[in-house]
Amino acid sequence: MKKTFCSVIDFLSSLTFTLIILTFLTLTVSITIMEDEIISIFQEYSLTQEGTIYSLFTMFGFSDLYNSWWFKTLLVLFSINLLVCTLKRIPRTLKLLGLFSSGSNNSIPSNVCYKESFSLNALQQNCEHRLHYLLSQELSIPTIHREGNTSVLFSQKGRYAHLGFYCAHLSLLVLLFGGVMGSASYDGDVSMREGEMIDTIFIKKDGDPCMEKLDFAIRLDRVEVVSAAERGNHAPENPYRSTITIVRKGKNVKTGILEGYQTINYNGVRIAQSRFRDKGSDRISLSVTPKAPGGKRRVHTLGRHDYFTVPETGHTIRVKNILSLRSSPLDKKILRVSAALSQQSTAPLSRHMVTLEVYGNNNKLLLAPFVFSKKSRDHHPWDEMYAFSLVGIEQDEPIYRTRLKISFEPGAQIIWTCFYIAILGFAMMFTLSHRKLWVQVENNKGNLHITLAGWASRNPESLRRGLATLKPPQTK
Amino acid sequence: MTNIIMFNAVAFIYLFSSSLYFCYLFFHKELIGKAATTLTLLGLMVQTMAYVLRWIESYQLNIGHSPFSFFTLYETLIFSCWSMAIIYLVIEYKYQIRTLGAIILPLISLGMLYASLSPNVAGEIEELPLVLKGNFLVYHVVSCIMCLVAFLISLVASILILIKGNVSRITAPLKKVLEQLPSPGILDDLSYKTIAIGFILFSIGIATGAYRTKVIWGSYWNWDPVETSSLITWLLYALILHGRYQGWWNMKMSSVLSIVAFSISIVCFLIAGSYVMMSGHYPIL
């Protein structure tokens, strides 16, 4: 059992396993570049209907490779490989760092990459003195171990080069973990008028619309256009500035200005501006009657992207779009689509259409109703929950409004820190080298027998070339 | 513009320098070699001065952006040649060999001549669109181009290793020339080091590129063809480095893999380039 466990650990930590995973990752990523072409080939040859090929297609998740089970498994195996090989090297590294010294440097080991012996006629004391000086200059002050008529001088440099391995691999591991933390992230847009305050944003998670309630509110105090004189020649092309205040529990906690690519950060949430508008827009009067027991009819005056909560059900209803239906081809298309959805053969005569989003108590999209200004007698899926009708529509006065981009990325800081550490680790691994040098001096009746031996963690060829120059000429 | 005149002059300095390196390769006279190195250094100095001048002239034109913004093909080409010249001079100093100059300097002078003489390449300073402004773009593009240059030098070293490995099949005069080139051991060492340096620079390029993508388009990684192809290249070179460490690849195999990896990275670059052109996502070239 123990033997099997050790074999498994050895394999999981082996470079062979790393190479296999890297090969599969490279192949997968290469296939994904051609993902659209592969899917269209499958569809063209009607291979996505049924049969063995279709089963394989769905089993391997060709429609979404990055979210497929086997890609995630590859990443998990990659993480295991990183972790196990890093942990396995710790004892050896601690020994190399000299934290657990076992006196192994008192004699020349067998695994050196260079070893050469020669004889000299010289006084041992003088020779040792010169070697001591030479090693101090080249590497570090050597230690001397004497036994009988033999002395071994040992010197090393670059022990901490081994830390590069840990920096690189552990940071990659934590980077993957940071990526997993990214699943808790969100990113949404919110359109606000001057003076408006919001505490909810509407986002998409895994492609599904949902809403995210912030634990603070954002108030747009002011939107102003920055004059050309103030901008100068190098200002951003979108010349507006938004002043926002973060409000928490009724108190103003932070005020900031957003201009160009500037951002404001609060509690890990990042706020930036993306667009602005200074024209008027439509505002509707929407009547909403929940069919729940005790439901009361209420009329709300709303603009595009405004939202409200229905007290009886706890649902949040948001105005997605307000469309003025004229005679443009797009409007006719919308009418045709909405007619098809409501299973009517002719589109209702209607000048306006409002699309809504109803979010349930789990913050996920429940319904996507649409309401025409002219009432329709057709039955819709949302009729069992709500009765909607457009009471009126009017043009809003021109007012500055800004579109804010609100994002929360809990793993972002971790990922960035790990990137920097990984790069530092790569630089240490590829540029630093741990070098050890032994010089054994054996006094054989006045004749000195010297053995030079060296070991390098990286680029042993360079070490060999360097040591070969230390050997005096015309020695045997 | 004066900076363009200076860059044009640099092209001819490099051309003359490469002919001197050729002479050194054939005649092996130390004086010719020193002259070649001196001329290359001179070309590099003039090119650096031309860069400074281009920076000043951009502000005089009220455009004001770093010459390392690489908005045009011209800027990309001259920077590639500049970084290749720097890397080559470092190699010459570290390894004390000049014969590689006969191969690398012609590549540099070709690039500079194409930038200077081609009617398809305009040298004028253009204003950067908003999406390309910012310091991180400079870090991103500088690291990506320098890494490509490093991989190209590795490719050259790898090709030479394979050629030298088949010396018996080559005619006598050519054999004599090849013997002047560095030994396979040195070329292998050079190939490994340039891959390692290129790998570090490429990692920096990917990180800074992801940051810029977040600032401009709102997310770090979109799995679009540009990012995916850069990841493929990164994984390939990681494979090569790990395999070398494990001892899986001998010198010949490492050289073949380096050539294959560079070829695939060029294919990835072309895929990324076609996506860039079609999507309108990156307003370059």
# chains A, B, ... in the order shown; residues from 1 in each chain; ligands from 1
$ interface_residues --of "chain B" --to "chain A" --cutoff "7 Å" --atoms "only C-alpha atoms" --output "PyMOL selection string"
chain B and resi 130+196+200+203+207+225+228+232+235-236+239+246
$ residues_around --residues "stretch 107-113 of chain A" --least-positions-apart "6" --cutoff "7 Å" --atoms "only C-alpha atoms" --output "short mmCIF file (atom, residue, chain, number, x, y, z; two decimals) with C-alpha atoms, in the first residue's frame"
data_model
loop_
_atom_site.label_atom_id
_atom_site.label_comp_id
_atom_site.auth_asym_id
_atom_site.auth_seq_id
_atom_site.Cartn_x
_atom_site.Cartn_y
_atom_site.Cartn_z
CA VAL A 152 38.99 19.71 1.40
CA TRP A 438 35.41 21.31 -3.96
CA ALA A 453 35.30 19.09 -8.57
CA GLY A 454 32.27 21.20 -9.35
CA TRP A 455 28.50 21.00 -9.49
CA PRO A 460 27.07 22.74 -16.13
#
$ atom_distance --atom1 "atom CA of B:Ser18" --atom2 "atom CA of B:Leu105"
5.0 Å
$ closest_residue --among "A:Gly195, A:Pro239, A:Pro381, A:Gly158" --to "A:Ile218" --atoms "only C-alpha atoms"
A:Gly195
$ closest_residue --among "A:Ile246, A:Val180, A:Leu153, A:Val226" --to "A:Arg270" --atoms "only C-alpha atoms"
A:Ile246
$ residues_around --residues "stretch 174-188 of chain B" --least-positions-apart "4" --cutoff "12 Å" --atoms "only C-alpha atoms" --output "PyMOL selection string"
(chain A and resi 459-462+465) or (chain B and resi 21-29+91-92+94-103+153-170+192-195+244+249-256+258)
$ residues_around --residues "stretch 81-85 of chain A" --least-positions-apart "2" --cutoff "6 Å" --atoms "only C-alpha atoms" --output "list of chain:residue names"
A:Leu12, A:Ser13, A:Phe78, A:Ser79, A:Leu87, A:Lys88
$ residues_around --residues "A:Phe388" --least-positions-apart "4" --cutoff "7 Å" --atoms "only C-alpha atoms" --output "mmCIF file with C-alpha atoms, in the first residue's frame"
data_model
loop_
_atom_site.group_PDB
_atom_site.id
_atom_site.type_symbol
_atom_site.label_atom_id
_atom_site.label_comp_id
_atom_site.auth_asym_id
_atom_site.auth_seq_id
_atom_site.Cartn_x
_atom_site.Cartn_y
_atom_site.Cartn_z
ATOM 1 C CA SER A 287 -49.227 49.914 -14.510
ATOM 2 C CA VAL A 288 -48.340 46.707 -12.673
ATOM 3 C CA THR A 289 -50.867 44.524 -10.884
ATOM 4 C CA VAL A 371 -45.893 45.309 -23.213
#
$ closest_residue --among "B:Ser229, B:Leu241, B:Met146, B:Lys214" --to "B:Ile266" --atoms "only C-alpha atoms"
B:Ser229
$ closest_residue --among "A:Trp70, A:Gly178, A:Arg159, A:Ile271" --to "A:Ile201" --atoms "only C-alpha atoms"
A:Ile271
$ residues_around --residues "A:Met181" --least-positions-apart "4" --cutoff "12 Å" --atoms "only C-alpha atoms" --output "count of residues only"
14
